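Structure first, then comments.
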Amino acid sequence: QPLPAADPELLALTGPWYWGATPLALRLRADRGLELRPLAAQGRAARFRAEADGTWTGLDGYYAGEVLRVVRTASGEVSHLDIGTFVFTRQPYEPGDAAVPGGVHPEGWGGQPG
């Protein structure tokens with residue numbers, strides 16, 4: 001069901017995100033909540049409750065109890081999403097991406113050229 005109104009900052013967070021090469025969609029829910037779902041038929045999905053400090057707490061699924069944080073650049077633009085040890089970016093991870101913990105293998109994903 002469509003929301004009657006949406007905060008433009010939250011709406012800007014919605015859409016595709018990637019964990020590595022895996023695409024997911026972030027959707028806005030009622031009461032400033034978020035929902036993260038894989039675009040494939042299977043994968044990790046969860047709903048998140050908005051907290052007063054600007055973070056979200058996982059309510060179910062693999063991320064239950066985990067804190068979702070929006071990480072911003074020095075200029076205030078969204079850099080990536082951080083959920084525990086998971087980093088979600090707007091594009092599949094690229095070599096040299098500072099947001100990616102441990103970096104990206106120079107040969108790409110699964111030994112495929114990047």
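Each chain in the structure tokens gets a letter, A, B, ..., in the order shown, and its residues are numbered from 1; ligands are numbered from 1 in order too.
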
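Residues surrounding Arg32 of chain A within 8 Å are Leu10, Arg49 and Ala50 of chain A [only C-alpha atoms; sequence separation below 5 positions excluded].
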
Next on the checklist: Neighbouring residues of segment 11-17 of chain A were defined as those with any atom within 9 Å, considering only C-alpha atoms; residues of the same chain fewer than 6 positions away were excluded. Please report them as a PyMOL selection string.
Outcome noted: chain A and resi 23-28+34+39+70+78+80-81+88-92

How about saving the chosen residues, C-alpha atoms kept, as a PDB file, in the first residue's frame?
ATOM      1  CA  PRO A  23      21.619  -6.920  -6.035  1.00  0.00           C
ATOM      2  CA  LEU A  24      19.087  -6.038  -3.347  1.00  0.00           C
ATOM      3  CA  ALA A  25      16.289  -3.480  -3.108  1.00  0.00           C
ATOM      4  CA  LEU A  26      15.734  -1.119  -0.196  1.00  0.00           C
ATOM      5  CA  ARG A  27      12.116  -0.049   0.264  1.00  0.00           C
ATOM      6  CA  LEU A  28      10.528   2.498   2.551  1.00  0.00           C
ATOM      7  CA  LEU A  34      13.047   0.149   5.804  1.00  0.00           C
ATOM      8  CA  LEU A  39      16.211  -9.086  -6.211  1.00  0.00           C
ATOM      9  CA  VAL A  70      23.843   5.281   6.484  1.00  0.00           C
ATOM     10  CA  VAL A  78      25.432   8.832   0.902  1.00  0.00           C
ATOM     11  CA  HIS A  80      27.169   3.259   1.553  1.00  0.00           C
ATOM     12  CA  LEU A  81      24.993   1.346   4.020  1.00  0.00           C
ATOM     13  CA  PHE A  88      26.040  -2.232   0.707  1.00  0.00           C
ATOM     14  CA  THR A  89      26.942   0.069  -2.196  1.00  0.00           C
ATOM     15  CA  ARG A  90      24.956   1.572  -5.080  1.00  0.00           C
ATOM     16  CA  GLN A  91      27.071  -0.312  -7.641  1.00  0.00           C
ATOM     17  CA  PRO A  92      28.715  -3.744  -7.463  1.00  0.00           C
TER      18      PRO A  92
END

Checklist entry - Within 8 Å of Pro38 of chain A, counting only C-alpha atoms, which residues qualify if same-chain residues fewer than 2 places away don't, as a PyMOL selection string? => result chain A and resi 22-25+36+40-45

Item to check | Nearest residue to Tyr62 of chain A from the set A:Ala46, A:Ala30, A:Ile83, A:Tyr18 (distances using only C-alpha atoms) | outcome: A:Ala46

Next on the checklist: Between atom CA of Leu59 of chain A and atom CA of Asp7 of chain A, what distance in Å does the model show, to one decimal?
Outcome noted: 21.2 Å

Item to check | Neighbour list for Glu66 of chain A as a list in words, cut-off 10 Å, only C-alpha atoms, skip fewer than 4 positions in-chain | outcome: Phe48, Trp56, Thr57, Gly58, Leu59, Asp60, Tyr62, Asp82, Ile83, Gly84 and Thr85 of chain A

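With only C-alpha atoms as the atoms that count, the minimum distance from Ala64 of chain A to the choices A:Ala52, A:Glu77, A:Glu35, A:Ala21 is reached by A:Glu35.
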
Item to check | Length of the atom CA of Gly33 of chain A to atom CA of Thr55 of chain A vector [Å] | outcome: 10.1 Å

Next on the checklist: Just to confirm, what's the straight-line distance from atom CA of Gly65 of chain A to atom CA of Ala6 of chain A in Å (one decimal)?
Outcome noted: 24.8 Å
